[in-house]
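K.L.:
For reference, the file run_30.cif (mmCIF, C-alpha atoms and all ligand atoms) is included below:
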data_input
#
loop_
_atom_site.group_PDB
_atom_site.id
_atom_site.type_symbol
_atom_site.label_atom_id
_atom_site.label_comp_id
_atom_site.auth_asym_id
_atom_site.auth_seq_id
_atom_site.Cartn_x
_atom_site.Cartn_y
_atom_site.Cartn_z
ATOM 1 C CA MET A 825 5.030 8.006 -31.426
ATOM 2 C CA LYS A 826 8.025 6.871 -33.484
ATOM 3 C CA ASN A 827 9.658 5.106 -30.544
ATOM 4 C CA GLN A 828 6.547 3.237 -29.470
ATOM 5 C CA PRO A 829 6.543 -0.541 -29.675
ATOM 6 C CA THR A 830 4.680 -2.056 -32.596
ATOM 7 C CA ALA A 831 0.977 -2.856 -32.188
ATOM 8 C CA VAL A 832 0.458 -4.441 -35.596
ATOM 9 C CA ARG A 833 2.779 -5.500 -38.384
ATOM 10 C CA LEU A 834 1.888 -6.715 -41.839
ATOM 11 C CA ASP A 835 4.695 -8.426 -43.651
ATOM 12 C CA SER A 836 4.114 -8.718 -47.395
ATOM 13 C CA VAL A 837 0.445 -9.652 -47.016
ATOM 14 C CA THR A 838 -1.277 -10.898 -50.151
ATOM 15 C CA ARG A 839 -4.921 -11.927 -50.287
ATOM 16 C CA SER A 840 -6.431 -13.256 -53.468
ATOM 17 C CA PHE A 841 -9.897 -14.624 -54.091
ATOM 18 C CA GLY A 842 -11.100 -17.205 -56.578
ATOM 19 C CA LYS A 843 -9.423 -19.910 -58.648
ATOM 20 C CA PRO A 844 -5.736 -19.296 -59.480
ATOM 21 C CA SER A 845 -6.562 -18.921 -63.185
ATOM 22 C CA GLU A 846 -8.959 -16.037 -62.597
ATOM 23 C CA ALA A 847 -7.900 -14.817 -59.150
ATOM 24 C CA VAL A 848 -8.658 -11.306 -57.924
ATOM 25 C CA THR A 849 -5.770 -9.936 -55.887
ATOM 26 C CA ALA A 850 -7.421 -7.811 -53.199
ATOM 27 C CA LEU A 851 -4.112 -7.185 -51.384
ATOM 28 C CA ASP A 852 -0.790 -7.351 -53.165
ATOM 29 C CA ALA A 853 2.220 -7.767 -50.852
ATOM 30 C CA VAL A 854 1.221 -5.057 -48.376
ATOM 31 C CA SER A 855 3.729 -4.278 -45.628
ATOM 32 C CA LEU A 856 2.770 -1.924 -42.828
ATOM 33 C CA THR A 857 3.879 -1.188 -39.287
ATOM 34 C CA ILE A 858 1.488 0.439 -36.851
ATOM 35 C CA PRO A 859 2.929 1.821 -33.609
ATOM 36 C CA ARG A 860 1.136 1.294 -30.327
ATOM 37 C CA GLY A 861 -1.051 4.233 -29.303
ATOM 38 C CA SER A 862 -1.334 5.583 -32.839
ATOM 39 C CA PHE A 863 -4.474 6.428 -34.800
ATOM 40 C CA THR A 864 -4.242 5.254 -38.426
ATOM 41 C CA ALA A 865 -6.769 5.918 -41.178
ATOM 42 C CA ILE A 866 -6.953 3.597 -44.188
ATOM 43 C CA MET A 867 -8.293 5.232 -47.342
ATOM 44 C CA GLY A 868 -8.604 4.346 -50.995
ATOM 45 C CA PRO A 869 -11.090 4.065 -53.844
ATOM 46 C CA SER A 870 -13.854 1.477 -53.722
ATOM 47 C CA GLY A 871 -12.392 -1.984 -54.347
ATOM 48 C CA SER A 872 -8.855 -0.931 -53.371
ATOM 49 C CA GLY A 873 -8.649 -3.540 -50.596
ATOM 50 C CA LYS A 874 -9.484 -1.528 -47.469
ATOM 51 C CA SER A 875 -11.963 -4.002 -45.981
ATOM 52 C CA THR A 876 -9.757 -6.957 -46.870
ATOM 53 C CA LEU A 877 -6.824 -5.241 -45.155
ATOM 54 C CA LEU A 878 -8.894 -4.626 -42.029
ATOM 55 C CA GLN A 879 -10.223 -8.208 -41.989
ATOM 56 C CA CYS A 880 -6.784 -9.787 -42.437
ATOM 57 C CA THR A 881 -5.282 -7.511 -39.782
ATOM 58 C CA ALA A 882 -8.074 -8.254 -37.309
ATOM 59 C CA GLY A 883 -7.895 -12.016 -37.772
ATOM 60 C CA LEU A 884 -11.305 -12.216 -39.468
ATOM 61 C CA ASP A 885 -9.765 -13.376 -42.742
ATOM 62 C CA ARG A 886 -6.544 -15.181 -43.587
ATOM 63 C CA PRO A 887 -3.966 -13.899 -46.064
ATOM 64 C CA THR A 888 -3.036 -16.078 -49.026
ATOM 65 C CA ALA A 889 0.614 -15.226 -48.330
ATOM 66 C CA GLY A 890 2.575 -13.117 -45.876
ATOM 67 C CA ARG A 891 2.300 -12.645 -42.126
ATOM 68 C CA VAL A 892 0.231 -10.561 -39.752
ATOM 69 C CA PHE A 893 1.511 -9.851 -36.259
ATOM 70 C CA LEU A 894 -0.529 -8.524 -33.348
ATOM 71 C CA GLY A 895 2.207 -7.601 -30.883
ATOM 72 C CA ASP A 896 4.444 -10.675 -31.047
ATOM 73 C CA THR A 897 1.672 -13.054 -32.113
ATOM 74 C CA ASP A 898 1.687 -14.298 -35.696
ATOM 75 C CA LEU A 899 -2.026 -14.591 -36.558
ATOM 76 C CA THR A 900 -1.392 -16.546 -39.736
ATOM 77 C CA VAL A 901 -0.288 -19.681 -37.865
ATOM 78 C CA LEU A 902 -3.104 -19.748 -35.286
ATOM 79 C CA SER A 903 -5.861 -22.361 -35.292
ATOM 80 C CA GLU A 904 -9.444 -21.130 -35.783
ATOM 81 C CA ARG A 905 -10.087 -21.633 -32.085
ATOM 82 C CA LYS A 906 -7.053 -19.596 -31.013
ATOM 83 C CA LEU A 907 -7.929 -16.907 -33.539
ATOM 84 C CA THR A 908 -11.467 -16.651 -32.156
ATOM 85 C CA LEU A 909 -10.103 -16.254 -28.634
ATOM 86 C CA LEU A 910 -7.593 -13.665 -29.807
ATOM 87 C CA ARG A 911 -10.340 -11.618 -31.486
ATOM 88 C CA ARG A 912 -12.430 -11.820 -28.349
ATOM 89 C CA GLU A 913 -9.676 -10.877 -25.934
ATOM 90 C CA ARG A 914 -7.249 -8.654 -27.801
ATOM 91 C CA ILE A 915 -9.239 -6.882 -30.506
ATOM 92 C CA GLY A 916 -12.210 -4.505 -30.522
ATOM 93 C CA PHE A 917 -14.476 -3.630 -33.454
ATOM 94 C CA VAL A 918 -16.892 -0.909 -34.382
ATOM 95 C CA PHE A 919 -18.749 -0.847 -37.669
ATOM 96 C CA GLN A 920 -20.859 1.590 -39.618
ATOM 97 C CA ALA A 921 -23.978 -0.213 -38.378
ATOM 98 C CA PHE A 922 -23.887 -0.096 -34.596
ATOM 99 C CA ASN A 923 -24.952 -3.764 -34.233
ATOM 100 C CA LEU A 924 -26.366 -3.319 -30.735
ATOM 101 C CA LEU A 925 -28.913 -5.781 -29.386
ATOM 102 C CA PRO A 926 -32.174 -3.786 -29.261
ATOM 103 C CA ALA A 927 -33.687 -5.639 -26.294
ATOM 104 C CA LEU A 928 -30.693 -4.984 -24.044
ATOM 105 C CA THR A 929 -29.877 -1.767 -22.204
ATOM 106 C CA ALA A 930 -26.684 0.149 -22.955
ATOM 107 C CA GLU A 931 -24.925 -1.406 -19.970
ATOM 108 C CA GLN A 932 -26.110 -4.909 -20.909
ATOM 109 C CA ASN A 933 -24.810 -4.422 -24.453
ATOM 110 C CA VAL A 934 -21.468 -3.241 -23.106
ATOM 111 C CA ALA A 935 -21.265 -6.165 -20.672
ATOM 112 C CA LEU A 936 -21.862 -8.723 -23.429
ATOM 113 C CA PRO A 937 -18.234 -9.283 -24.527
ATOM 114 C CA LEU A 938 -17.269 -9.946 -20.909
ATOM 115 C CA ARG A 939 -20.115 -12.448 -20.524
ATOM 116 C CA LEU A 940 -19.060 -14.137 -23.776
ATOM 117 C CA ALA A 941 -15.602 -14.482 -22.267
ATOM 118 C CA GLY A 942 -17.203 -16.277 -19.331
ATOM 119 C CA ARG A 943 -16.878 -13.414 -16.872
ATOM 120 C CA ARG A 944 -19.443 -11.879 -14.568
ATOM 121 C CA PRO A 945 -18.936 -8.193 -15.212
ATOM 122 C CA ALA A 946 -19.000 -5.814 -12.269
ATOM 123 C CA ARG A 947 -21.472 -2.988 -12.780
ATOM 124 C CA THR A 948 -18.809 -0.434 -11.829
ATOM 125 C CA GLU A 949 -16.533 -1.749 -14.584
ATOM 126 C CA VAL A 950 -19.242 -1.384 -17.227
ATOM 127 C CA ARG A 951 -20.314 2.041 -15.933
ATOM 128 C CA ALA A 952 -16.713 3.267 -16.042
ATOM 129 C CA VAL A 953 -16.468 2.464 -19.766
ATOM 130 C CA LEU A 954 -19.827 4.107 -20.449
ATOM 131 C CA GLU A 955 -18.560 7.182 -18.639
ATOM 132 C CA ARG A 956 -15.456 7.233 -20.818
ATOM 133 C CA VAL A 957 -17.686 7.629 -23.867
ATOM 134 C CA GLY A 958 -19.840 10.242 -22.127
ATOM 135 C CA LEU A 959 -22.861 8.017 -21.510
ATOM 136 C CA GLY A 960 -22.710 7.484 -17.767
ATOM 137 C CA ASP A 961 -26.289 8.759 -17.500
ATOM 138 C CA ARG A 962 -27.671 6.493 -20.249
ATOM 139 C CA ALA A 963 -26.750 3.090 -18.843
ATOM 140 C CA ARG A 964 -30.358 1.905 -18.494
ATOM 141 C CA HIS A 965 -31.505 3.122 -21.915
ATOM 142 C CA ARG A 966 -32.156 0.748 -24.780
ATOM 143 C CA PRO A 967 -30.688 1.483 -28.226
ATOM 144 C CA GLY A 968 -34.095 2.647 -29.509
ATOM 145 C CA GLU A 969 -34.093 5.363 -26.846
ATOM 146 C CA LEU A 970 -30.699 6.704 -27.934
ATOM 147 C CA SER A 971 -29.589 8.883 -30.866
ATOM 148 C CA GLY A 972 -27.361 7.447 -33.609
ATOM 149 C CA GLY A 973 -24.284 9.090 -32.112
ATOM 150 C CA GLN A 974 -25.111 7.748 -28.665
ATOM 151 C CA GLN A 975 -25.633 4.256 -30.093
ATOM 152 C CA GLN A 976 -22.245 4.384 -31.784
ATOM 153 C CA ARG A 977 -20.725 5.458 -28.475
ATOM 154 C CA VAL A 978 -22.329 2.429 -26.790
ATOM 155 C CA ALA A 979 -20.794 0.297 -29.547
ATOM 156 C CA LEU A 980 -17.451 1.974 -28.806
ATOM 157 C CA ALA A 981 -17.812 1.227 -25.088
ATOM 158 C CA ARG A 982 -18.653 -2.392 -25.945
ATOM 159 C CA ALA A 983 -15.521 -2.612 -28.115
ATOM 160 C CA LEU A 984 -13.349 -1.168 -25.340
ATOM 161 C CA VAL A 985 -14.664 -3.039 -22.314
ATOM 162 C CA THR A 986 -12.233 -5.930 -22.865
ATOM 163 C CA ARG A 987 -9.324 -3.446 -23.071
ATOM 164 C CA PRO A 988 -8.306 -4.523 -26.580
ATOM 165 C CA GLU A 989 -4.788 -3.935 -27.878
ATOM 166 C CA VAL A 990 -6.209 -2.592 -31.110
ATOM 167 C CA LEU A 991 -9.550 -0.994 -31.891
ATOM 168 C CA PHE A 992 -10.672 -1.491 -35.498
ATOM 169 C CA ALA A 993 -13.308 0.804 -36.957
ATOM 170 C CA ASP A 994 -14.819 0.299 -40.413
ATOM 171 C CA GLU A 995 -16.529 3.532 -41.503
ATOM 172 C CA PRO A 996 -17.576 4.300 -37.899
ATOM 173 C CA THR A 997 -19.128 7.630 -38.872
ATOM 174 C CA GLY A 998 -20.713 6.413 -42.109
ATOM 175 C CA ALA A 999 -24.227 6.371 -40.660
ATOM 176 C CA LEU A 1000 -23.927 9.601 -38.669
ATOM 177 C CA ASP A 1001 -24.509 13.249 -39.539
ATOM 178 C CA SER A 1002 -21.322 15.317 -39.647
ATOM 179 C CA GLN A 1003 -21.713 16.933 -36.199
ATOM 180 C CA THR A 1004 -22.374 13.590 -34.483
ATOM 181 C CA GLY A 1005 -19.646 11.962 -36.552
ATOM 182 C CA ARG A 1006 -17.221 14.540 -35.223
ATOM 183 C CA GLU A 1007 -18.133 13.700 -31.649
ATOM 184 C CA VAL A 1008 -17.309 10.046 -32.300
ATOM 185 C CA LEU A 1009 -14.035 11.003 -34.044
ATOM 186 C CA THR A 1010 -13.079 13.278 -31.147
ATOM 187 C CA LEU A 1011 -13.628 10.327 -28.848
ATOM 188 C CA LEU A 1012 -11.450 8.049 -31.009
ATOM 189 C CA ARG A 1013 -8.760 10.736 -31.034
ATOM 190 C CA ALA A 1014 -8.908 11.027 -27.227
ATOM 191 C CA MET A 1015 -8.610 7.259 -26.904
ATOM 192 C CA ALA A 1016 -5.519 7.206 -29.103
ATOM 193 C CA ASP A 1017 -4.065 10.056 -27.036
ATOM 194 C CA ALA A 1018 -4.666 7.880 -23.969
ATOM 195 C CA GLY A 1019 -2.643 5.047 -25.548
ATOM 196 C CA GLN A 1020 -5.294 3.064 -27.435
ATOM 197 C CA THR A 1021 -4.181 1.892 -30.886
ATOM 198 C CA VAL A 1022 -6.922 2.737 -33.406
ATOM 199 C CA ILE A 1023 -7.149 1.616 -37.056
ATOM 200 C CA MET A 1024 -10.037 3.110 -39.008
ATOM 201 C CA VAL A 1025 -11.236 2.650 -42.580
ATOM 202 C CA THR A 1026 -12.947 5.737 -43.937
ATOM 203 C CA HIS A 1027 -13.697 7.472 -47.213
ATOM 204 C CA ASP A 1028 -14.145 10.830 -45.493
ATOM 205 C CA PRO A 1029 -11.107 13.201 -45.575
ATOM 206 C CA VAL A 1030 -12.405 15.037 -42.493
ATOM 207 C CA ALA A 1031 -12.596 11.768 -40.550
ATOM 208 C CA ALA A 1032 -9.083 10.860 -41.735
ATOM 209 C CA SER A 1033 -7.763 14.213 -40.511
ATOM 210 C CA TYR A 1034 -8.318 13.063 -36.909
ATOM 211 C CA ALA A 1035 -5.702 10.336 -37.423
ATOM 212 C CA ASP A 1036 -1.925 10.551 -36.934
ATOM 213 C CA ARG A 1037 -1.327 8.952 -40.295
ATOM 214 C CA VAL A 1038 -3.303 8.129 -43.410
ATOM 215 C CA VAL A 1039 -2.387 5.084 -45.503
ATOM 216 C CA PHE A 1040 -3.715 5.247 -49.063
ATOM 217 C CA LEU A 1041 -4.494 2.014 -50.872
ATOM 218 C CA ALA A 1042 -5.064 1.581 -54.592
ATOM 219 C CA ASP A 1043 -5.401 -1.731 -56.383
ATOM 220 C CA GLY A 1044 -4.374 -3.677 -53.306
ATOM 221 C CA SER A 1045 -1.109 -1.784 -52.747
ATOM 222 C CA VAL A 1046 -0.030 1.008 -50.426
ATOM 223 C CA ARG A 1047 0.359 3.959 -52.791
ATOM 224 C CA ASP A 1048 0.885 6.818 -50.407
ATOM 225 C CA GLU A 1049 1.082 7.863 -46.765
ATOM 226 C CA LEU A 1050 0.476 11.137 -45.011
ATOM 227 C CA ASP A 1051 1.511 12.089 -41.456
ATOM 228 C CA ASP A 1052 -0.478 14.634 -39.411
ATOM 229 C CA PRO A 1053 -2.993 14.934 -42.231
ATOM 230 C CA ALA A 1054 -5.157 17.977 -42.918
ATOM 231 C CA ALA A 1055 -8.523 17.277 -44.552
ATOM 232 C CA GLU A 1056 -7.687 19.310 -47.702
ATOM 233 C CA GLN A 1057 -4.411 17.413 -48.174
ATOM 234 C CA VAL A 1058 -6.204 14.094 -47.780
ATOM 235 C CA ALA A 1059 -8.853 15.091 -50.308
ATOM 236 C CA ALA A 1060 -6.171 16.138 -52.806
ATOM 237 C CA ARG A 1061 -4.313 12.815 -52.452
ATOM 238 C CA MET A 1062 -7.560 10.902 -52.898
ATOM 239 C CA THR A 1063 -8.301 12.815 -56.099
ATOM 240 C CA ALA A 1064 -4.779 12.103 -57.350
ATOM 241 C CA LEU A 1065 -5.194 8.384 -56.576
ATOM 242 C CA ALA A 1066 -8.493 8.198 -58.412
ATOM 243 C CA VAL A 1067 -6.993 9.561 -61.648
ATOM 244 C CA VAL A 1068 -3.805 7.483 -61.602
ATOM 245 C CA PRO A 1069 -4.201 4.806 -64.288
ATOM 246 C CA CYS A 1070 -3.815 1.341 -62.807
HETATM 247 P P1 LIG B 1 -12.713 -1.885 -50.425
HETATM 248 O O1 LIG B 1 -13.090 -2.187 -49.020
HETATM 249 O O2 LIG B 1 -11.539 -0.958 -50.553
HETATM 250 O O3 LIG B 1 -13.865 -1.379 -51.242
HETATM 251 P P2 LIG B 1 -12.397 -4.758 -50.663
HETATM 252 O O4 LIG B 1 -11.306 -5.121 -49.733
HETATM 253 O O5 LIG B 1 -13.789 -5.006 -50.224
HETATM 254 O O6 LIG B 1 -12.219 -3.235 -51.145
HETATM 255 O O7 LIG B 1 -12.183 -5.544 -52.044
HETATM 256 C C1 LIG B 1 -10.955 -5.522 -52.772
HETATM 257 C C2 LIG B 1 -11.107 -6.405 -54.012
HETATM 258 O O8 LIG B 1 -11.252 -7.764 -53.636
HETATM 259 C C3 LIG B 1 -12.321 -6.079 -54.872
HETATM 260 O O9 LIG B 1 -11.980 -6.283 -56.212
HETATM 261 C C4 LIG B 1 -13.340 -7.095 -54.396
HETATM 262 O O10 LIG B 1 -14.264 -7.368 -55.418
HETATM 263 C C5 LIG B 1 -12.475 -8.302 -54.096
HETATM 264 N N1 LIG B 1 -13.048 -9.131 -53.030
HETATM 265 C C6 LIG B 1 -13.196 -8.791 -51.730
HETATM 266 N N2 LIG B 1 -13.751 -9.795 -51.025
HETATM 267 C C7 LIG B 1 -13.971 -10.801 -51.896
HETATM 268 C C8 LIG B 1 -14.517 -12.135 -51.791
HETATM 269 N N3 LIG B 1 -14.938 -12.608 -50.618
HETATM 270 N N4 LIG B 1 -14.579 -12.884 -52.923
HETATM 271 C C9 LIG B 1 -14.129 -12.405 -54.104
HETATM 272 N N5 LIG B 1 -13.602 -11.177 -54.273
HETATM 273 C C10 LIG B 1 -13.514 -10.385 -53.186
HETATM 274 MG MG MG B 2 -14.941 -1.934 -48.043
#
The structure given in the file should be rewritten as C-alpha cells.
Ligand code: ADP
Ligand code: MG
P.N.:
Amino acid sequence: MKNQPTAVRLDSVTRSFGKPSEAVTALDAVSLTIPRGSFTAIMGPSGSGKSTLLQCTAGLDRPTAGRVFLGDTDLTVLSERKLTLLRRERIGFVFQAFNLLPALTAEQNVALPLRLAGRRPARTEVRAVLERVGLGDRARHRPGELSGGQQQRVALARALVTRPEVLFADEPTGALDSQTGREVLTLLRAMADAGQTVIMVTHDPVAASYADRVVFLADGSVRDELDDPAAEQVAARMTALAVVPC
C-alpha cells in the first residue's frame, strides 16, 4: 500500500464560509495523501468538516485556499465545465440515501451514468457490474422491489460502472441495519482489495474498521490517524476527540 501511487492529495486545504468578518472555517489547512487502492475512513464529531472535506476532494465544492489533486489533476484550477466532466468520468459517489430512480430497473439505473456521458451501454457491461455487487439476478427489478441493502448495492454498481479512480461514500450504511450494512462494507473492502480507491465518511466505528486507515477530524483539522483500525480502538479515539477542548 505504501508504495502505491497517489490517488488523491490535499495540500493545505482551507474552506471557510460566510463574510470574512464572521467566517466559519470548516477546513483549516488540511493536508492528506491517499494512496491508490486504499480504503480510507473519515471520522469526527458533527460539524468537524467531514462533509466539506469530501465535497472539496470530490470536486463538488471549491476550497478557499490550498490545492486538491486527483492523480495529477489540480481540481482547484479547473473550470466548472471541466470539473463537471471530471466528476462524471473519474469519480463515483454513494450516499446514505440510495438516490435511485424508482421508475427504472436496476440495470437502467446502473446504465444511467454511461448514458449521461453520451454512451450506449452494452447490456453485458451493465450486467457485469451488477454481478460484481451480487445482483446479477436482480437486473430487471425496480428499486421498490429490492431491499435497502440491495438498493445500496445498485447504487454502488451505478457508481462503479464508469470505472472511477476514486469512489466516495458519505455514510453509505447510515440507512441500513447492521447486518445489511456489513454486507455493503464487505463489498467496499473487496473493491479496495481489487484496486479501487475508496474514501468513506462514517460515524460508525465498526464501519471504519473495514478501512485501511481512519483519519480523525476535529474543528476542521486532522487530529489523529489510525492504520489497520479495530472498532474498539476507533471508538476510543472518537471518545477522546469528543472530550478534547477546542
Ligand atoms: P460534518 O460533516 O463533519 O458534520 P460539515 O463539513 O458539514 O461537518 O461542516 C463543518 C462546519 O462548516 C460546520 O460548522 C458547518 O456549520 C459549516 N458549514 C458547512 N457547510 C456550510 C455552508 N454551506 N455554509 C455555512 N457554513 C457551512
Ligand atoms: Mg456531514
K.L.:
Which residues match the PyMOL selection byres (((chain A and resi 890) around 6) and not hetatm) in the file above, as JSON, numbers by chain?
P.N.:
{"A": [835, 836, 837, 889, 891]}
K.L.:
Save out the residues we just selected, C-alpha atoms, as a JSON list (two decimals), in the frame of the given file.
P.N.:
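The resulting file, part-v3.json, is shown below:
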[["chain", "number", "residue", "atom", "x", "y", "z"],
["A", 835, "ASP", "CA", 4.70, -8.43, -43.65],
["A", 836, "SER", "CA", 4.11, -8.72, -47.40],
["A", 837, "VAL", "CA", 0.44, -9.65, -47.02],
["A", 889, "ALA", "CA", 0.61, -15.23, -48.33],
["A", 891, "ARG", "CA", 2.30, -12.64, -42.13]]
K.L.:
Find, counting only C-alpha atoms, the residue in A:Val978, A:Leu991, A:Ala831, A:Val1025 that gets nearest to Leu928 (chain A).
P.N.:
A:Val978
K.L.:
Extending 3 Å beyond the listed atoms of ligand LIG 1 (chain B) on each side, what axis-aligned box results? I want centre and edge lengths in Å to one decimal, as lines of an AutoDock Vina configuration file.
P.N.:
center_x = -12.9
center_y = -6.9
center_z = -52.6
size_x = 10.0
size_y = 17.9
size_z = 13.2
K.L.:
Enumerate residues in contact with ligand LIG 1 (chain B): an atom-to-atom distance of at most 10 Å, counting only C-alpha atoms and all ligand atoms. Format the result as number ranges by chain.
P.N.:
A: 839-843, 847-851, 866-880, 885, 994, 1025-1027, 1041-1044
K.L.:
Apply the PyMOL selection byres (((chain A and resi 996) around 9) and not hetatm) to the displayed file and report the matching residues as number ranges by chain.
P.N.:
A: 918-922, 976, 993-995, 997-1000, 1005, 1008-1009, 1024-1026
K.L.:
What does the distance between CA of Asp1051 (chain A) and CA of Thr864 (chain A) come to in Å, to one decimal place?
P.N.:
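One can read the CA of Asp1051 (chain A) to CA of Thr864 (chain A) distance as 9.4 Å.
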K.L.:
To one decimal place in Å, what is the distance between CA of Thr1004 (chain A) and CA of Gly972 (chain A)?
P.N.:
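Spanning CA of Thr1004 (chain A) to CA of Gly972 (chain A) is a straight-line distance of 8.0 Å.
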K.L.:
Quick one: contact table of region 971-1048 of chain A to region 895-900 of chain A, 12 Å max, nearest atom pair and distance in Å to one decimal per residue, counting all atoms listed in the file, chain and number order, as a tab-separated table?
P.N.:
residue	atom	partner	partner_atom	distance
A:Pro988	CA	A:Gly895	CA	11.8
A:Glu989	CA	A:Gly895	CA	8.4
A:Val990	CA	A:Gly895	CA	9.8
A:Thr1021	CA	A:Gly895	CA	11.4
K.L.:
Please evaluate the PyMOL selection byres (((chain A and resi 1022) around 10) and not hetatm) against the displayed coordinates and give the resulting residues as a list in words.
P.N.:
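Expected selection for the PyMOL selection byres (((chain A and resi 1022) around 10) and not hetatm) here is Ala831, Ile858, Pro859, Arg860, Gly861, Ser862, Phe863, Thr864, Ala865, Gly916, Phe917, Glu989, Val990, Leu991, Phe992, Ala993, Leu1012, Arg1013, Met1015, Ala1016, Gly1019, Gln1020, Thr1021, Ile1023, Met1024, Ala1035 and Asp1036 of chain A.
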K.L.:
Identify which of the residues A:His965, A:Arg886, A:Arg905, A:Arg982 lies closest to Ala952 (chain A), counting only C-alpha atoms when measuring atom-to-atom distances.
P.N.:
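Comparing A:His965, A:Arg886, A:Arg905, A:Arg982 against Ala952 (chain A), the winner is A:Arg982.
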K.L.:
If you measure from CA of Glu846 (chain A) to CA of Leu834 (chain A), what distance in Å do you get, rounded to one decimal?
P.N.:
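Separation of CA of Glu846 (chain A) and CA of Leu834 (chain A): 25.2 Å.
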K.L.:
Go through A:Arg912, A:Arg1061, A:Arg966, A:Arg833 one by one, measure the shortest atom-to-atom distance of each to Gly942 (chain A) using all atoms listed in the file, and give the residue with the smallest value.
P.N.:
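Among the listed residues, the smallest separation from Gly942 (chain A) belongs to A:Arg912.
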K.L.:
Rank nothing, just name the residue among A:Asp1001, A:Pro945, A:Gln932, A:Leu856 nearest to Arg1037 (chain A), using only C-alpha atoms.
P.N.:
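Checking each of A:Asp1001, A:Pro945, A:Gln932, A:Leu856 against Arg1037 (chain A), counting only C-alpha atoms, the winner is A:Leu856.
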K.L.:
Pull all heavy atoms for region 925-930 of chain A from the block and write them as a PDB file, in the first residue's frame.
P.N.:
ATOM      1  N   LEU A 925     -33.488   6.011  -9.281  1.00  0.00           N
ATOM      2  CA  LEU A 925     -34.730   6.461  -9.925  1.00  0.00           C
ATOM      3  C   LEU A 925     -35.743   5.314  -9.838  1.00  0.00           C
ATOM      4  O   LEU A 925     -35.502   4.223 -10.363  1.00  0.00           O
ATOM      5  CB  LEU A 925     -34.463   6.857 -11.374  1.00  0.00           C
ATOM      6  CG  LEU A 925     -33.569   8.087 -11.525  1.00  0.00           C
ATOM      7  CD1 LEU A 925     -33.388   8.465 -12.980  1.00  0.00           C
ATOM      8  CD2 LEU A 925     -34.120   9.277 -10.735  1.00  0.00           C
ATOM      9  N   PRO A 926     -36.880   5.551  -9.161  1.00  0.00           N
ATOM     10  CA  PRO A 926     -37.812   4.469  -8.845  1.00  0.00           C
ATOM     11  C   PRO A 926     -38.468   3.839 -10.071  1.00  0.00           C
ATOM     12  O   PRO A 926     -38.853   2.661 -10.022  1.00  0.00           O
ATOM     13  CB  PRO A 926     -38.870   5.134  -7.953  1.00  0.00           C
ATOM     14  CG  PRO A 926     -38.702   6.605  -8.148  1.00  0.00           C
ATOM     15  CD  PRO A 926     -37.288   6.840  -8.575  1.00  0.00           C
ATOM     16  N   ALA A 927     -38.591   4.583 -11.165  1.00  0.00           N
ATOM     17  CA  ALA A 927     -39.282   4.043 -12.336  1.00  0.00           C
ATOM     18  C   ALA A 927     -38.365   3.182 -13.197  1.00  0.00           C
ATOM     19  O   ALA A 927     -38.823   2.474 -14.094  1.00  0.00           O
ATOM     20  CB  ALA A 927     -39.861   5.178 -13.171  1.00  0.00           C
ATOM     21  N   LEU A 928     -37.065   3.239 -12.926  1.00  0.00           N
ATOM     22  CA  LEU A 928     -36.114   2.483 -13.746  1.00  0.00           C
ATOM     23  C   LEU A 928     -35.722   1.180 -13.063  1.00  0.00           C
ATOM     24  O   LEU A 928     -35.665   1.110 -11.840  1.00  0.00           O
ATOM     25  CB  LEU A 928     -34.845   3.314 -13.998  1.00  0.00           C
ATOM     26  CG  LEU A 928     -35.006   4.672 -14.672  1.00  0.00           C
ATOM     27  CD1 LEU A 928     -33.630   5.276 -14.963  1.00  0.00           C
ATOM     28  CD2 LEU A 928     -35.817   4.555 -15.964  1.00  0.00           C
ATOM     29  N   THR A 929     -35.423   0.161 -13.861  1.00  0.00           N
ATOM     30  CA  THR A 929     -34.939  -1.098 -13.308  1.00  0.00           C
ATOM     31  C   THR A 929     -33.511  -0.904 -12.796  1.00  0.00           C
ATOM     32  O   THR A 929     -32.866   0.114 -13.092  1.00  0.00           O
ATOM     33  CB  THR A 929     -34.911  -2.198 -14.382  1.00  0.00           C
ATOM     34  OG1 THR A 929     -33.986  -1.795 -15.398  1.00  0.00           O
ATOM     35  CG2 THR A 929     -36.294  -2.426 -14.984  1.00  0.00           C
ATOM     36  N   ALA A 930     -33.035  -1.918 -12.062  1.00  0.00           N
ATOM     37  CA  ALA A 930     -31.658  -1.870 -11.556  1.00  0.00           C
ATOM     38  C   ALA A 930     -30.691  -1.626 -12.708  1.00  0.00           C
ATOM     39  O   ALA A 930     -29.827  -0.748 -12.635  1.00  0.00           O
ATOM     40  CB  ALA A 930     -31.324  -3.170 -10.829  1.00  0.00           C
TER      41      ALA A 930
END
